[in-house]
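**Q** Below is one structure. I have some questions about it.
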Amino acid sequence: LMDYMIMTEIENLKGAVRARLRRDFNQVRSARDTSRKAHLEVWESKRGGRVIGVEFDHADRLNLWLTRLGMPRDLPSTIERTDKEPNGRGWTDANGDGANSNLSGYKQFVTRPITRLGVKTIDDAVLVLEHLCR
């Protein structure tokens, strides 16, 4: 039952984020025509032109990718933050782990320090999306 409740919460989160993206953001075309956006969608806020990459394909969370400059200052402890530094065509973090390689198809991310925010609640996602729409 607990697994089902968590899955339902995450599905509600994904639906809420998708609705917000459609309302306040424009989807960004990939530089690669072969991209099917299966593992990553990139959106740009209609106000301010801030960019966000979204991974909808995780069962336990939603990953939001931001350039470090686009980050909210104060994040609640419920958001899992992982900073990634540019490394050639990709990125790595302190543990040597990379980033979603599909990000390299978007000029808005290439060569910039980025951060992955793992969110599990609608409130946490809204906090990030509101910041990007200011």
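Note on naming: chains are A, B, ... as they come in the structure tokens, residues start from 1 per chain, ligands start from 1 in the order shown.
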With DSSP run on the backbone, what are the strand (DSSP E) residues within chain A? I'd like them as a PyMOL selection string.

**A** chain A and resi 25-27+41-45+51-55+62-67+80-87+90-92+114-119

**Q** Determine which residues of chain A receive a DSSP assignment of helix (DSSP H, G or I), computed from the backbone, and state them as a count of residues only.

**A** 42

**Q** Within 8 Å of A:Leu117, counting only C-alpha atoms, which residues show up once you throw out same-chain ones fewer than 5 positions away? Write them as a list in words, please.

**A** Asn63, Leu64, Trp65, Leu66, Ile79, Glu80, Arg81 and Thr82 of chain A

**Q** Fewer than 5 positions away in the same chain doesn't count, so skip those; otherwise give me all residues within 12 Å of A:Lys46, counting only C-alpha atoms, as an mmCIF file with all heavy atoms, in the first residue's frame.

**A**
```cif
data_model
loop_
_atom_site.group_PDB
_atom_site.id
_atom_site.type_symbol
_atom_site.label_atom_id
_atom_site.label_comp_id
_atom_site.auth_asym_id
_atom_site.auth_seq_id
_atom_site.Cartn_x
_atom_site.Cartn_y
_atom_site.Cartn_z
ATOM 1 N N ARG A 20 1.852 22.973 -15.312
ATOM 2 C CA ARG A 20 2.506 24.264 -15.070
ATOM 3 C C ARG A 20 3.464 24.621 -16.211
ATOM 4 O O ARG A 20 3.534 25.773 -16.642
ATOM 5 C CB ARG A 20 3.244 24.204 -13.733
ATOM 6 C CG ARG A 20 3.884 25.506 -13.325
ATOM 7 C CD ARG A 20 2.801 26.560 -13.055
ATOM 8 N NE ARG A 20 3.365 27.842 -12.793
ATOM 9 C CZ ARG A 20 3.622 28.327 -11.578
ATOM 10 N NH1 ARG A 20 3.338 27.614 -10.515
ATOM 11 N NH2 ARG A 20 4.132 29.512 -11.433
ATOM 12 N N LEU A 21 4.201 23.604 -16.687
ATOM 13 C CA LEU A 21 5.122 23.846 -17.806
ATOM 14 C C LEU A 21 4.357 24.323 -19.037
ATOM 15 O O LEU A 21 4.754 25.283 -19.687
ATOM 16 C CB LEU A 21 5.913 22.584 -18.137
ATOM 17 C CG LEU A 21 6.987 22.172 -17.128
ATOM 18 C CD1 LEU A 21 7.524 20.781 -17.460
ATOM 19 C CD2 LEU A 21 8.110 23.190 -17.056
ATOM 20 N N ARG A 22 3.245 23.661 -19.330
ATOM 21 C CA ARG A 22 2.458 24.040 -20.516
ATOM 22 C C ARG A 22 1.908 25.456 -20.396
ATOM 23 O O ARG A 22 1.759 26.150 -21.390
ATOM 24 C CB ARG A 22 1.305 23.052 -20.715
ATOM 25 C CG ARG A 22 1.759 21.719 -21.260
ATOM 26 C CD ARG A 22 0.571 20.849 -21.658
ATOM 27 N NE ARG A 22 1.011 19.517 -22.013
ATOM 28 C CZ ARG A 22 0.635 18.419 -21.365
ATOM 29 N NH1 ARG A 22 -0.197 18.485 -20.341
ATOM 30 N NH2 ARG A 22 1.079 17.238 -21.751
ATOM 31 N N ARG A 23 1.609 25.878 -19.164
ATOM 32 C CA ARG A 23 1.030 27.204 -18.947
ATOM 33 C C ARG A 23 2.072 28.323 -18.988
ATOM 34 O O ARG A 23 1.856 29.359 -19.601
ATOM 35 C CB ARG A 23 0.297 27.234 -17.593
ATOM 36 C CG ARG A 23 -0.501 28.517 -17.390
ATOM 37 C CD ARG A 23 -1.112 28.592 -16.014
ATOM 38 N NE ARG A 23 -0.119 29.165 -15.106
ATOM 39 C CZ ARG A 23 -0.239 29.157 -13.788
ATOM 40 N NH1 ARG A 23 -1.274 28.584 -13.210
ATOM 41 N NH2 ARG A 23 0.679 29.714 -13.033
ATOM 42 N N ASP A 24 3.202 28.120 -18.323
ATOM 43 C CA ASP A 24 4.155 29.210 -18.085
ATOM 44 C C ASP A 24 5.479 29.081 -18.826
ATOM 45 O O ASP A 24 6.366 29.919 -18.658
ATOM 46 C CB ASP A 24 4.452 29.324 -16.589
ATOM 47 C CG ASP A 24 3.223 29.735 -15.794
ATOM 48 O OD1 ASP A 24 2.346 30.405 -16.369
ATOM 49 O OD2 ASP A 24 3.135 29.372 -14.604
ATOM 50 N N PHE A 25 5.639 28.026 -19.628
ATOM 51 C CA PHE A 25 6.913 27.765 -20.296
ATOM 52 C C PHE A 25 6.660 27.389 -21.756
ATOM 53 O O PHE A 25 5.560 26.983 -22.117
ATOM 54 C CB PHE A 25 7.649 26.596 -19.618
ATOM 55 C CG PHE A 25 8.145 26.899 -18.230
ATOM 56 C CD1 PHE A 25 7.272 26.945 -17.158
ATOM 57 C CD2 PHE A 25 9.492 27.138 -17.987
ATOM 58 C CE1 PHE A 25 7.720 27.225 -15.863
ATOM 59 C CE2 PHE A 25 9.948 27.412 -16.705
ATOM 60 C CZ PHE A 25 9.068 27.459 -15.651
ATOM 61 N N ASN A 26 7.698 27.529 -22.576
ATOM 62 C CA ASN A 26 7.684 27.049 -23.958
ATOM 63 C C ASN A 26 8.693 25.918 -24.062
ATOM 64 O O ASN A 26 9.815 26.047 -23.539
ATOM 65 C CB ASN A 26 8.075 28.164 -24.932
ATOM 66 C CG ASN A 26 7.033 29.260 -24.963
ATOM 67 O OD1 ASN A 26 5.835 29.001 -25.062
ATOM 68 N ND2 ASN A 26 7.494 30.500 -24.868
ATOM 69 N N GLN A 27 8.300 24.831 -24.737
ATOM 70 C CA GLN A 27 9.244 23.729 -24.900
ATOM 71 C C GLN A 27 10.349 24.143 -25.877
ATOM 72 O O GLN A 27 10.084 24.796 -26.884
ATOM 73 C CB GLN A 27 8.536 22.474 -25.391
ATOM 74 C CG GLN A 27 9.382 21.243 -25.204
ATOM 75 C CD GLN A 27 8.580 19.957 -25.204
ATOM 76 O OE1 GLN A 27 7.422 19.923 -25.592
ATOM 77 N NE2 GLN A 27 9.211 18.884 -24.769
ATOM 78 N N VAL A 28 11.578 23.776 -25.541
ATOM 79 C CA VAL A 28 12.742 24.120 -26.353
ATOM 80 C C VAL A 28 13.055 22.942 -27.276
ATOM 81 O O VAL A 28 13.087 21.799 -26.834
ATOM 82 C CB VAL A 28 13.973 24.415 -25.447
ATOM 83 C CG1 VAL A 28 15.207 24.724 -26.285
ATOM 84 C CG2 VAL A 28 13.671 25.556 -24.491
ATOM 85 N N VAL A 51 15.754 28.612 -18.244
ATOM 86 C CA VAL A 51 15.607 27.272 -18.797
ATOM 87 C C VAL A 51 15.614 26.209 -17.699
ATOM 88 O O VAL A 51 16.261 26.383 -16.660
ATOM 89 C CB VAL A 51 16.720 27.032 -19.848
ATOM 90 C CG1 VAL A 51 18.072 26.901 -19.203
ATOM 91 C CG2 VAL A 51 16.408 25.847 -20.718
ATOM 92 N N ILE A 52 14.853 25.123 -17.935
ATOM 93 C CA ILE A 52 14.800 23.996 -17.011
ATOM 94 C C ILE A 52 14.709 22.704 -17.821
ATOM 95 O O ILE A 52 13.992 22.637 -18.818
ATOM 96 C CB ILE A 52 13.595 24.117 -16.044
ATOM 97 C CG1 ILE A 52 13.589 22.974 -15.013
ATOM 98 C CG2 ILE A 52 12.270 24.166 -16.802
ATOM 99 C CD1 ILE A 52 12.571 23.170 -13.892
ATOM 100 N N LEU A 129 9.674 26.192 -9.859
ATOM 101 C CA LEU A 129 9.061 26.750 -11.064
ATOM 102 C C LEU A 129 8.680 28.219 -10.880
ATOM 103 O O LEU A 129 8.853 29.026 -11.791
ATOM 104 C CB LEU A 129 7.846 25.917 -11.473
ATOM 105 C CG LEU A 129 8.158 24.486 -11.909
ATOM 106 C CD1 LEU A 129 6.877 23.696 -12.143
ATOM 107 C CD2 LEU A 129 9.050 24.448 -13.134
ATOM 108 N N GLU A 130 8.185 28.569 -9.688
ATOM 109 C CA GLU A 130 7.852 29.984 -9.396
ATOM 110 C C GLU A 130 9.095 30.842 -9.533
ATOM 111 O O GLU A 130 9.041 31.937 -10.090
ATOM 112 C CB GLU A 130 7.316 30.119 -7.960
ATOM 113 C CG GLU A 130 5.928 29.589 -7.747
ATOM 114 C CD GLU A 130 4.854 30.536 -8.265
ATOM 115 O OE1 GLU A 130 5.065 31.753 -8.227
ATOM 116 O OE2 GLU A 130 3.804 30.025 -8.694
ATOM 117 N N LEU A 132 11.673 30.374 -11.394
ATOM 118 C CA LEU A 132 12.051 30.507 -12.794
ATOM 119 C C LEU A 132 11.123 31.446 -13.572
ATOM 120 O O LEU A 132 11.510 31.947 -14.616
ATOM 121 C CB LEU A 132 12.069 29.136 -13.475
ATOM 122 C CG LEU A 132 13.135 28.167 -12.951
ATOM 123 C CD1 LEU A 132 12.947 26.798 -13.575
ATOM 124 C CD2 LEU A 132 14.530 28.702 -13.212
ATOM 125 N N CYS A 133 9.924 31.677 -13.058
ATOM 126 C CA CYS A 133 8.948 32.519 -13.754
ATOM 127 C C CYS A 133 8.949 33.972 -13.300
ATOM 128 O O CYS A 133 8.168 34.775 -13.773
ATOM 129 C CB CYS A 133 7.537 31.936 -13.581
ATOM 130 S SG CYS A 133 7.309 30.410 -14.488
ATOM 131 N N ARG A 134 9.828 34.322 -12.350
ATOM 132 C CA ARG A 134 9.858 35.694 -11.849
ATOM 133 C C ARG A 134 10.414 36.649 -12.868
ATOM 134 O O ARG A 134 11.216 36.327 -13.688
ATOM 135 C CB ARG A 134 10.687 35.787 -10.574
ATOM 136 C CG ARG A 134 9.985 35.176 -9.409
ATOM 137 C CD ARG A 134 10.661 35.504 -8.134
ATOM 138 N NE ARG A 134 12.030 34.969 -8.190
ATOM 139 C CZ ARG A 134 12.912 35.118 -7.235
ATOM 140 N NH1 ARG A 134 12.626 35.775 -6.175
ATOM 141 N NH2 ARG A 134 14.112 34.607 -7.331
#
```

**Q** Quick one: of A:Gly53, A:Gly90, A:Gly15, A:Gly70, who's nearest to A:Ser104, counting only C-alpha atoms?

**A**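 Among A:Gly53, A:Gly90, A:Gly15, A:Gly70, it is A:Gly90 that comes nearest to A:Ser104.
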
**Q** Check the smallest atom-to-atom distance from each of A:Thr115, A:Ser30, A:Thr8, A:Ser45 to A:Asp83 using only C-alpha atoms, then report the winner.

**A** A:Thr115

**Q** Pick out the residues sitting within 8 Å of stretch 16-18 of chain A, and hand them over as a PyMOL selection string; count only C-alpha atoms, and ignore anything fewer than 3 positions along from it in its own chain.

**A** chain A and resi 12-13+21-22+122+125-126

**Q** In Å, with one decimal, what is the gap from atom CA of A:Val119 to atom CA of A:Leu103?

**A**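 Atom CA of A:Leu103 lies 18.6 Å from atom CA of A:Val119.
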
**Q** Name the closest residue to A:Asp60 among the candidates A:Ala94, A:Met7, A:Val110, A:Ala19; distances are taken between atoms, counting only C-alpha atoms.

**A**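 Closest to A:Asp60, using only C-alpha atoms: A:Met7.
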
**Q** By how many Å are atom CA of A:Leu75 and atom CA of A:Asp124 apart?

**A**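 Going from atom CA of A:Leu75 over to atom CA of A:Asp124 covers 8.6 Å.
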